[in-house]
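Containing PDB, C-alpha atoms: start_31.pdb.
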```pdb
ATOM      1  CA  PHE A   1      -0.624  97.220  33.384
ATOM      2  CA  GLU A   2      -1.282 100.661  31.918
ATOM      3  CA  ALA A   3      -1.468 102.152  35.411
ATOM      4  CA  THR A   4       1.635 100.308  36.644
ATOM      5  CA  ASP A   5       4.805 102.333  37.082
ATOM      6  CA  LYS A   6       7.155  99.391  37.588
ATOM      7  CA  ILE A   7       6.857  95.699  36.675
ATOM      8  CA  PHE A   8       9.042  92.928  38.091
ATOM      9  CA  LEU A   9       9.068  89.319  36.855
ATOM     10  CA  GLU A  10      10.211  86.942  39.599
ATOM     11  CA  ALA A  11      12.621  84.288  38.280
ATOM     12  CA  TYR A  12      13.750  82.695  41.544
ATOM     13  CA  THR A  13      11.097  80.243  42.742
ATOM     14  CA  SER A  14      10.129  79.247  39.198
ATOM     15  CA  VAL A  15      10.708  80.273  35.604
ATOM     16  CA  LEU A  16       8.405  81.314  32.795
ATOM     17  CA  SER A  17       8.217  78.997  29.793
ATOM     18  CA  VAL A  18       8.696  81.971  27.449
ATOM     19  CA  GLY A  19      11.049  84.945  27.495
ATOM     20  CA  LYS A  20      10.052  88.242  29.109
ATOM     21  CA  GLU A  21      10.004  89.734  25.623
ATOM     22  CA  ARG A  22       6.788  87.797  24.926
ATOM     23  CA  LEU A  23       5.223  89.372  28.014
ATOM     24  CA  GLU A  24       6.406  92.829  27.023
ATOM     25  CA  ALA A  25       4.941  92.419  23.539
ATOM     26  CA  PHE A  26       1.654  91.154  24.988
ATOM     27  CA  TYR A  27       1.299  94.020  27.461
ATOM     28  CA  GLY A  28       2.782  96.682  25.202
ATOM     29  CA  ARG A  29       5.664  97.400  27.607
ATOM     30  CA  ASP A  30       9.426  97.245  27.233
ATOM     31  CA  ASP A  31      10.463  97.780  30.840
ATOM     32  CA  ILE A  32       9.806  94.501  32.678
ATOM     33  CA  VAL A  33      12.632  93.860  35.160
ATOM     34  CA  VAL A  34      13.640  90.238  35.819
ATOM     35  CA  ALA A  35      14.014  89.691  39.583
ATOM     36  CA  ASP A  36      16.465  86.819  39.999
ATOM     37  CA  ARG A  37      17.502  85.118  43.238
ATOM     38  CA  ASP A  38      20.029  87.796  44.208
ATOM     39  CA  PHE A  39      17.526  90.559  43.519
ATOM     40  CA  VAL A  40      14.704  88.922  45.503
ATOM     41  CA  GLU A  41      16.885  87.908  48.465
ATOM     42  CA  CYS A  42      19.122  90.991  48.711
ATOM     43  CA  HIS A  43      17.190  93.853  47.140
ATOM     44  CA  ALA A  44      13.543  93.081  47.861
ATOM     45  CA  GLU A  45      13.017  96.633  49.113
ATOM     46  CA  ASP A  46      13.540  97.817  45.538
ATOM     47  CA  ILE A  47      10.306  95.992  44.721
ATOM     48  CA  TYR A  48       7.945  97.195  47.443
ATOM     49  CA  VAL A  49       9.348 100.575  48.557
ATOM     50  CA  PRO A  50       8.548 102.270  45.198
ATOM     51  CA  ALA A  51       4.939 101.146  45.757
ATOM     52  CA  LYS A  52       4.679 103.783  48.512
ATOM     53  CA  GLU A  53       4.682 106.434  45.791
ATOM     54  CA  GLY A  54       3.251 104.590  42.788
ATOM     55  CA  ASN A  55       1.924 101.318  41.423
ATOM     56  CA  VAL A  56       4.195  98.273  41.259
ATOM     57  CA  SER A  57       3.384  94.858  39.763
ATOM     58  CA  PHE A  58       5.302  91.788  40.927
ATOM     59  CA  LEU A  59       4.689  88.906  38.530
ATOM     60  CA  VAL A  60       5.260  85.317  39.633
ATOM     61  CA  VAL A  61       4.984  81.974  37.862
ATOM     62  CA  GLY A  62       2.173  80.148  39.650
ATOM     63  CA  ASP A  63       0.035  81.431  42.495
ATOM     64  CA  PRO A  64       1.688  84.177  44.601
ATOM     65  CA  VAL A  65       0.600  82.677  47.939
ATOM     66  CA  CYS A  66       2.211  79.269  47.335
ATOM     67  CA  ALA A  67       5.811  80.296  48.134
ATOM     68  CA  THR A  68       7.172  81.678  51.405
ATOM     69  CA  THR A  69       9.393  84.036  49.383
ATOM     70  CA  HIS A  70       6.316  85.874  48.136
ATOM     71  CA  SER A  71       4.622  85.856  51.556
ATOM     72  CA  ASP A  72       7.738  87.485  53.030
ATOM     73  CA  ILE A  73       7.677  90.274  50.438
ATOM     74  CA  MET A  74       3.964  90.893  51.079
ATOM     75  CA  LEU A  75       4.538  91.065  54.849
ATOM     76  CA  ARG A  76       7.426  93.509  54.461
ATOM     77  CA  ALA A  77       5.410  95.652  52.062
ATOM     78  CA  ARG A  78       2.497  95.864  54.513
ATOM     79  CA  GLU A  79       4.910  96.816  57.295
ATOM     80  CA  GLU A  80       5.913  99.762  55.110
ATOM     81  CA  GLY A  81       2.274 100.768  54.791
ATOM     82  CA  VAL A  82       1.971  99.542  51.212
ATOM     83  CA  LYS A  83      -1.416  98.276  50.093
ATOM     84  CA  VAL A  84      -1.008  94.754  48.688
ATOM     85  CA  GLU A  85      -3.464  93.311  46.184
ATOM     86  CA  VAL A  86      -3.129  89.633  45.260
ATOM     87  CA  VAL A  87      -4.258  88.325  41.876
ATOM     88  CA  HIS A  88      -4.424  84.542  42.084
ATOM     89  CA  ASN A  89      -3.141  82.307  39.338
ATOM     90  CA  ALA A  90      -2.907  78.662  38.321
ATOM     91  CA  SER A  91      -0.228  76.709  40.168
ATOM     92  CA  ALA A  92       1.404  73.285  40.059
ATOM     93  CA  MET A  93      -0.081  72.813  43.531
ATOM     94  CA  GLY A  94      -3.474  72.395  41.881
ATOM     95  CA  ALA A  95      -2.543  71.456  38.320
ATOM     96  CA  VAL A  96      -1.082  68.115  39.464
ATOM     97  CA  GLY A  97      -4.686  66.952  39.862
ATOM     98  CA  CYS A  98      -4.746  66.441  36.084
ATOM     99  CA  CYS A  99      -3.097  63.043  36.610
ATOM    100  CA  GLY A 100      -6.220  61.792  38.364
ATOM    101  CA  LEU A 101      -5.118  61.890  41.998
ATOM    102  CA  GLN A 102      -7.575  63.789  44.186
ATOM    103  CA  LEU A 103      -6.161  66.989  45.670
ATOM    104  CA  TYR A 104      -7.865  66.477  49.028
ATOM    105  CA  ASN A 105      -5.823  63.285  49.444
ATOM    106  CA  PHE A 106      -2.522  65.182  49.501
ATOM    107  CA  GLY A 107      -0.504  65.858  52.646
ATOM    108  CA  GLN A 108       2.455  68.177  53.181
ATOM    109  CA  THR A 109       4.255  69.393  50.056
ATOM    110  CA  VAL A 110       8.032  68.917  50.120
ATOM    111  CA  SER A 111      10.968  70.331  48.199
ATOM    112  CA  ILE A 112      13.744  68.095  46.858
ATOM    113  CA  PRO A 113      17.048  70.012  46.703
ATOM    114  CA  TYR A 114      20.013  69.045  44.573
ATOM    115  CA  PHE A 115      22.519  66.835  46.376
ATOM    116  CA  ASP A 116      26.218  67.593  46.022
ATOM    117  CA  GLU A 117      29.360  66.014  47.416
ATOM    118  CA  ASN A 118      29.254  68.079  50.607
ATOM    119  CA  TRP A 119      25.504  68.556  51.175
ATOM    120  CA  ARG A 120      22.894  65.805  50.944
ATOM    121  CA  PRO A 121      19.918  67.059  53.007
ATOM    122  CA  LYS A 122      17.011  64.689  53.571
ATOM    123  CA  SER A 123      14.560  66.835  55.555
ATOM    124  CA  PHE A 124      11.867  65.857  53.030
ATOM    125  CA  TYR A 125      12.071  62.189  54.048
ATOM    126  CA  PRO A 126      10.204  62.278  57.413
ATOM    127  CA  LYS A 127       7.468  64.407  55.846
ATOM    128  CA  ILE A 128       6.931  61.843  53.090
ATOM    129  CA  LYS A 129       6.854  59.101  55.725
ATOM    130  CA  TYR A 130       4.325  61.075  57.791
ATOM    131  CA  ASN A 131       2.097  61.598  54.761
ATOM    132  CA  ARG A 132       2.186  57.962  53.705
ATOM    133  CA  GLU A 133       1.520  56.696  57.212
ATOM    134  CA  GLY A 134      -1.703  58.692  56.976
ATOM    135  CA  GLY A 135      -2.424  57.360  53.480
ATOM    136  CA  MET A 136      -1.753  60.774  51.899
ATOM    137  CA  HIS A 137      -0.011  61.588  48.634
ATOM    138  CA  THR A 138       3.116  63.785  48.656
ATOM    139  CA  LEU A 139       3.803  66.453  46.030
ATOM    140  CA  CYS A 140       7.558  66.901  45.595
ATOM    141  CA  LEU A 141       8.636  70.230  44.109
ATOM    142  CA  LEU A 142      12.009  69.874  42.424
ATOM    143  CA  ASP A 143      14.982  72.189  42.746
ATOM    144  CA  ILE A 144      15.872  74.849  40.211
ATOM    145  CA  LYS A 145      19.202  76.652  40.049
ATOM    146  CA  VAL A 146      19.144  79.950  38.178
ATOM    147  CA  LYS A 147      22.010  82.455  38.345
ATOM    148  CA  GLU A 148      23.877  80.463  40.976
ATOM    149  CA  PRO A 149      27.336  81.937  41.753
ATOM    150  CA  ASP A 150      30.456  79.986  40.829
ATOM    151  CA  PHE A 151      32.272  80.003  44.175
ATOM    152  CA  GLU A 152      35.523  78.737  42.658
ATOM    153  CA  ALA A 153      35.555  81.716  40.297
ATOM    154  CA  MET A 154      34.706  84.043  43.190
ATOM    155  CA  LYS A 155      37.815  82.806  45.023
ATOM    156  CA  ARG A 156      39.784  84.140  42.064
ATOM    157  CA  GLY A 157      38.022  87.487  42.292
ATOM    158  CA  LYS A 158      35.680  86.883  39.372
ATOM    159  CA  ILE A 159      31.883  87.100  39.408
ATOM    160  CA  VAL A 160      30.694  84.179  37.325
ATOM    161  CA  TYR A 161      27.321  82.429  37.323
ATOM    162  CA  LEU A 162      26.789  78.744  36.692
ATOM    163  CA  PRO A 163      24.512  77.578  33.839
ATOM    164  CA  PRO A 164      20.847  77.152  34.873
ATOM    165  CA  ARG A 165      19.831  73.700  36.122
ATOM    166  CA  PHE A 166      16.372  72.278  36.576
ATOM    167  CA  MET A 167      15.984  69.028  38.516
ATOM    168  CA  THR A 168      14.355  66.273  36.500
ATOM    169  CA  VAL A 169      12.051  63.518  37.736
ATOM    170  CA  ASN A 170      14.924  61.160  36.934
ATOM    171  CA  GLU A 171      17.338  62.991  39.237
ATOM    172  CA  ALA A 172      14.729  63.302  41.983
ATOM    173  CA  SER A 173      13.977  59.577  41.735
ATOM    174  CA  ASP A 174      17.669  58.767  42.116
ATOM    175  CA  GLN A 175      17.953  60.981  45.195
ATOM    176  CA  LEU A 176      14.809  59.535  46.757
ATOM    177  CA  ILE A 177      16.109  56.010  46.177
ATOM    178  CA  GLU A 178      19.420  56.977  47.790
ATOM    179  CA  SER A 179      17.575  58.518  50.758
ATOM    180  CA  GLU A 180      15.590  55.327  51.401
ATOM    181  CA  GLU A 181      18.696  53.182  51.074
ATOM    182  CA  ASP A 182      20.503  55.459  53.519
ATOM    183  CA  LEU A 183      17.784  55.977  56.146
ATOM    184  CA  LYS A 184      16.052  52.589  55.810
ATOM    185  CA  LYS A 185      12.817  53.614  57.562
ATOM    186  CA  GLY A 186      10.468  52.375  54.865
ATOM    187  CA  ALA A 187       8.916  55.732  53.993
ATOM    188  CA  TYR A 188       8.414  54.326  50.492
ATOM    189  CA  HIS A 189       9.661  51.394  48.433
ATOM    190  CA  PRO A 190      11.579  52.310  45.264
ATOM    191  CA  ASP A 191      10.674  49.052  43.528
ATOM    192  CA  ARG A 192       6.926  49.010  44.221
ATOM    193  CA  THR A 193       5.505  52.290  45.615
ATOM    194  CA  LEU A 194       3.392  54.020  42.962
ATOM    195  CA  CYS A 195       4.666  57.462  41.963
ATOM    196  CA  VAL A 196       3.753  59.978  39.261
ATOM    197  CA  GLY A 197       6.183  62.185  37.355
ATOM    198  CA  LEU A 198       4.869  65.323  35.657
ATOM    199  CA  ALA A 199       6.522  67.801  33.299
ATOM    200  CA  ARG A 200       5.502  71.152  31.755
ATOM    201  CA  LEU A 201       2.069  71.174  33.372
ATOM    202  CA  GLY A 202      -0.471  73.247  31.490
ATOM    203  CA  GLN A 203       1.510  73.321  28.254
ATOM    204  CA  VAL A 204       0.444  71.562  25.068
ATOM    205  CA  ASP A 205       3.281  69.056  25.439
ATOM    206  CA  GLN A 206       2.819  68.281  29.136
ATOM    207  CA  CYS A 207       4.034  64.822  30.110
ATOM    208  CA  ILE A 208       2.683  62.480  32.804
ATOM    209  CA  ILE A 209       4.199  59.068  33.551
ATOM    210  CA  ALA A 210       3.271  56.817  36.485
ATOM    211  CA  GLY A 211       5.277  53.923  37.903
ATOM    212  CA  THR A 212       7.783  53.074  40.601
ATOM    213  CA  LEU A 213      10.800  55.257  41.375
ATOM    214  CA  GLU A 214      13.003  52.627  39.762
ATOM    215  CA  GLU A 215      10.904  52.912  36.595
ATOM    216  CA  LEU A 216      10.565  56.702  36.577
ATOM    217  CA  LYS A 217      14.308  57.266  36.845
ATOM    218  CA  GLU A 218      14.618  55.680  33.388
ATOM    219  CA  ALA A 219      11.667  57.486  31.750
ATOM    220  CA  ASP A 220      11.988  60.392  29.317
ATOM    221  CA  PHE A 221      10.081  63.437  30.567
ATOM    222  CA  GLY A 222      11.648  65.983  28.243
ATOM    223  CA  ALA A 223      12.238  69.643  29.019
ATOM    224  CA  PRO A 224      11.584  71.330  32.415
ATOM    225  CA  LEU A 225       9.856  72.112  34.669
ATOM    226  CA  HIS A 226       9.245  68.771  36.434
ATOM    227  CA  CYS A 227       7.552  67.672  39.663
ATOM    228  CA  LEU A 228       6.897  64.307  41.297
ATOM    229  CA  ILE A 229       4.152  62.711  43.391
ATOM    230  CA  ILE A 230       4.697  59.827  45.818
ATOM    231  CA  CYS A 231       1.342  58.140  46.272
ATOM    232  CA  GLY A 232      -0.260  57.168  49.546
ATOM    233  CA  GLU A 233      -3.463  55.139  49.538
ATOM    234  CA  VAL A 234      -4.998  55.187  46.069
ATOM    235  CA  HIS A 235      -8.737  54.946  45.565
ATOM    236  CA  ASP A 236     -10.172  52.850  42.731
ATOM    237  CA  LEU A 237     -11.220  55.982  40.840
ATOM    238  CA  GLU A 238      -7.731  57.482  41.185
ATOM    239  CA  LEU A 239      -6.111  54.278  39.970
ATOM    240  CA  GLU A 240      -8.467  54.128  36.993
ATOM    241  CA  SER A 241      -7.544  57.724  36.110
ATOM    242  CA  LEU A 242      -3.843  56.892  36.321
ATOM    243  CA  GLN A 243      -4.078  53.881  33.992
ATOM    244  CA  PRO A 244      -3.310  55.797  30.749
ATOM    245  CA  PHE A 245      -0.096  57.133  32.278
ATOM    246  CA  LEU A 246       1.326  53.905  33.685
ATOM    247  CA  VAL A 247       4.669  52.546  32.501
ATOM    248  CA  PRO A 248       3.903  49.365  30.475
ATOM    249  CA  ASN A 249       3.987  46.323  32.763
ATOM    250  CA  SER A 250       4.771  48.510  35.766
ATOM    251  CA  ALA A 251       5.845  46.600  38.883
ATOM    252  CA  PHE A 252       3.943  48.873  41.279
ATOM    253  CA  GLN A 253       1.931  47.218  44.049
ATOM    254  CA  ILE A 254      -1.050  48.915  45.609
ATOM    255  CA  ASP A 255      -4.646  48.391  46.717
ATOM    256  CA  ALA A 256      -7.582  50.690  47.257
ATOM    257  CA  GLU A 257      -8.611  49.486  50.696
ATOM    258  CA  GLY A 258      -6.993  49.295  54.101
ATOM    259  CA  THR A 259      -3.799  50.975  55.172
ATOM    260  CA  LEU A 260      -1.278  51.136  52.358
ATOM    261  CA  PHE A 261       1.662  51.438  54.756
ATOM    262  CA  LYS A 262       0.662  48.259  56.605
ATOM    263  CA  ARG A 263      -0.139  46.411  53.364
ATOM    264  CA  GLU A 264       3.317  47.124  51.948
ATOM    265  CA  ASP A 265       4.992  46.051  55.197
ATOM    266  CA  ASP A 266       2.992  42.803  55.107
ATOM    267  CA  THR A 267       4.087  42.224  51.510
ATOM    268  CA  ALA A 268       7.715  42.722  52.493
ATOM    269  CA  GLU A 269       7.333  40.199  55.343
ATOM    270  CA  GLU A 270       5.739  37.684  52.976
ATOM    271  CA  ASN A 271       8.597  38.102  50.514
ATOM    272  CA  ASP A 272      11.144  37.618  53.310
ATOM    273  CA  ALA A 273       9.310  34.488  54.466
ATOM    274  CA  GLU A 274       9.344  33.044  50.952
ATOM    275  CA  GLU A 275      13.072  33.618  50.708
TER     276      GLU A 275
END
```

Please express what this file holds, its structure, as C-alpha cells.
Amino acid sequence: FEATDKIFLEAYTSVLSVGKERLEAFYGRDDIVVADRDFVECHAEDIYVPAKEGNVSFLVVGDPVCATTHSDIMLRAREEGVKVEVVHNASAMGAVGCCGLQLYNFGQTVSIPYFDENWRPKSFYPKIKYNREGGMHTLCLLDIKVKEPDFEAMKRGKIVYLPPRFMTVNEASDQLIESEEDLKKGAYHPDRTLCVGLARLGQVDQCIIAGTLEELKEADFGAPLHCLIICGEVHDLELESLQPFLVPNSAFQIDAEGTLFKREDDTAEENDAEE
C-alpha cells in the first residue's frame, strides 16, 4: 500500500472481524476510509474517480468478484477509463466447503433478508426449490444491517442510525420455516431436511453445526457472521464428513442414492398413510 494514495474499506456487503485500526497498524497507514452503505450506494464516484489521477485501493471482506456491488463499481471505473486490478481473496463462497459438502454440488446462492412487519420477501424460496429438485445444495447468505437509517427519527428531522444487526442462523431458520409454512411447495422440510449452520468461518473459533432447521434454530452459534446451507442430495463421503458437526440424535432424514426430492416426498406419503 506504499504506492496507494487513497484506501477505502468497504463495510456494506460484509464486515471485518477487527477494527480498521488493526489494518492501519499492519500497513503503517492512518488514513483508511470506511465506505459504509450510504457511501458505496450514493458516493461511489468518490472511490473510482480519484483513480484517474492516482492509485486507489478498495478493500473488501471476501473475494471482490462475489458481490454485484463490487462488479458495479469495477464497471463504472472502467467506463471512466480507470485501469482495474483485482486481487482475489478467500470468501465464504468457498470456505463453506470446510463442513465437508463438496463445492461442485452447490447450486444458486441466495440471500435471506430480514423480515419485518411490512416486508416479508421470499424470492429465495423458488431458487432453493430449484436447487433441491436438481439435488444441489444451497448456500444462504444472511442479511447484515450496518448504519441503517432510523426512518421514525428522520420524520422528526433527525439523522439517526439504528444499531448494527447481523442475521443469525437461528433467525434465518425461523424465516425459512415460516416461508415453507406459508408457501407450502415442499422446497424443504423443516423437521427432516439436513442443513448446516456456519459462523465466523476462517477464525479460530469458527462454529459448524448440522441438523434440521427445527434443530438449528435452537443451537448456539455465537457471534457473527453466520451463513446457512440447505442440503440437496448428500453423498456418503459428504455425510461422513458432516458427522462430527451433527446435533446429537438429529432427526434429519437423507440417503446418498436416488433423488432426494422424490425420496422425501415418498417418506411424507408413507407417514400420511400410516396416520

Practice item. For CA of Met167 (chain A) and CA of Ile254 (chain A), quote the distance in Å rounded to one decimal. Key: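 Going from CA of Met167 (chain A) over to CA of Ile254 (chain A), I get 27.3 Å.
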
**Study point:** Output of the PyMOL selection byres ((chain A and resi 137) around 8), listed as a VMD selection string
**Key:** chain A and resid 105 to 107 131 to 132 135 to 136 138 to 139 229 to 233

Check your understanding: Residues picked by the PyMOL selection byres ((chain A and resi 206) around 10) here, as a VMD selection string?
Key -> chain A and resid 198 to 205 207 to 208 221 to 226

Check your understanding: Which value, in Å to one decimal, gives the distance between CA of Glu240 (chain A) and CA of Ala210 (chain A)?
Key -> 12.1 Å

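The residues caught by the PyMOL selection byres ((chain A and resi 245) around 6) in this file are Ile209, Ala210, Leu242, Gln243, Pro244 and Leu246 of chain A.
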
With the input short on atoms, add all heavy atoms back to region 69-80 of chain A and write it as a compact mmCIF listing (two decimals), keeping the file's coordinate frame.
```txt
# COMPACT_ATOMS: atom_id res chain seq x y z
N THR A 69 8.68 82.86 49.89
CA THR A 69 9.39 84.04 49.38
C THR A 69 8.42 85.17 49.11
O THR A 69 8.67 86.33 49.47
CB THR A 69 10.15 83.68 48.09
OG1 THR A 69 11.13 82.69 48.37
CG2 THR A 69 10.83 84.90 47.49
N HIS A 70 7.30 84.84 48.48
CA HIS A 70 6.32 85.87 48.14
C HIS A 70 5.58 86.36 49.38
O HIS A 70 5.27 87.55 49.51
CB HIS A 70 5.32 85.33 47.10
CG HIS A 70 5.98 84.71 45.92
ND1 HIS A 70 5.49 83.59 45.28
CD2 HIS A 70 7.12 85.04 45.26
CE1 HIS A 70 6.29 83.28 44.27
NE2 HIS A 70 7.28 84.13 44.25
N SER A 71 5.28 85.46 50.31
CA SER A 71 4.62 85.86 51.56
C SER A 71 5.49 86.83 52.33
O SER A 71 4.99 87.80 52.92
CB SER A 71 4.33 84.62 52.42
OG SER A 71 3.45 83.74 51.76
N ASP A 72 6.80 86.59 52.33
CA ASP A 72 7.74 87.48 53.03
C ASP A 72 7.71 88.88 52.43
O ASP A 72 7.68 89.89 53.15
CB ASP A 72 9.15 86.91 52.95
CG ASP A 72 10.19 87.83 53.57
OD1 ASP A 72 10.12 88.05 54.80
OD2 ASP A 72 11.07 88.32 52.84
N ILE A 73 7.71 88.96 51.10
CA ILE A 73 7.68 90.27 50.44
C ILE A 73 6.37 91.00 50.75
O ILE A 73 6.36 92.21 51.01
CB ILE A 73 7.87 90.11 48.92
CG1 ILE A 73 9.30 89.66 48.62
CG2 ILE A 73 7.55 91.41 48.18
CD1 ILE A 73 9.58 89.37 47.17
N MET A 74 5.25 90.27 50.76
CA MET A 74 3.96 90.89 51.08
C MET A 74 3.94 91.41 52.52
O MET A 74 3.44 92.51 52.79
CB MET A 74 2.83 89.90 50.84
CG MET A 74 2.54 89.64 49.37
SD MET A 74 1.03 88.68 49.08
CE MET A 74 1.61 87.02 49.45
N LEU A 75 4.49 90.64 53.45
CA LEU A 75 4.54 91.06 54.85
C LEU A 75 5.38 92.32 55.01
O LEU A 75 4.98 93.28 55.70
CB LEU A 75 5.11 89.95 55.72
CG LEU A 75 4.19 88.75 55.99
CD1 LEU A 75 4.97 87.64 56.69
CD2 LEU A 75 3.01 89.18 56.86
N ARG A 76 6.54 92.34 54.36
CA ARG A 76 7.43 93.51 54.46
C ARG A 76 6.80 94.74 53.82
O ARG A 76 6.97 95.87 54.30
CB ARG A 76 8.77 93.17 53.83
CG ARG A 76 9.53 92.12 54.64
CD ARG A 76 10.66 91.46 53.88
NE ARG A 76 11.75 92.36 53.58
CZ ARG A 76 12.88 91.99 52.98
NH1 ARG A 76 13.02 90.73 52.61
NH2 ARG A 76 13.83 92.86 52.74
N ALA A 77 6.08 94.53 52.72
CA ALA A 77 5.41 95.65 52.06
C ALA A 77 4.34 96.25 52.98
O ALA A 77 4.23 97.47 53.11
CB ALA A 77 4.79 95.19 50.74
N ARG A 78 3.55 95.38 53.61
CA ARG A 78 2.50 95.86 54.51
C ARG A 78 3.08 96.59 55.72
O ARG A 78 2.49 97.56 56.22
CB ARG A 78 1.62 94.70 54.95
CG ARG A 78 0.70 94.21 53.82
CD ARG A 78 -0.01 92.92 54.18
NE ARG A 78 -0.94 92.52 53.13
CZ ARG A 78 -1.16 91.27 52.76
NH1 ARG A 78 -0.51 90.27 53.37
NH2 ARG A 78 -2.01 90.99 51.79
N GLU A 79 4.25 96.13 56.19
CA GLU A 79 4.91 96.82 57.30
C GLU A 79 5.32 98.23 56.91
O GLU A 79 5.42 99.11 57.77
CB GLU A 79 6.14 96.02 57.74
CG GLU A 79 5.79 94.73 58.49
CD GLU A 79 7.03 93.88 58.77
OE1 GLU A 79 8.14 94.28 58.33
OE2 GLU A 79 6.88 92.85 59.44
N GLU A 80 5.55 98.43 55.61
CA GLU A 80 5.91 99.76 55.11
C GLU A 80 4.67 100.59 54.78
O GLU A 80 4.79 101.71 54.26
CB GLU A 80 6.78 99.62 53.86
CG GLU A 80 8.17 99.07 54.10
CD GLU A 80 9.07 100.06 54.80
OE1 GLU A 80 8.85 101.28 54.68
OE2 GLU A 80 10.02 99.62 55.48
```
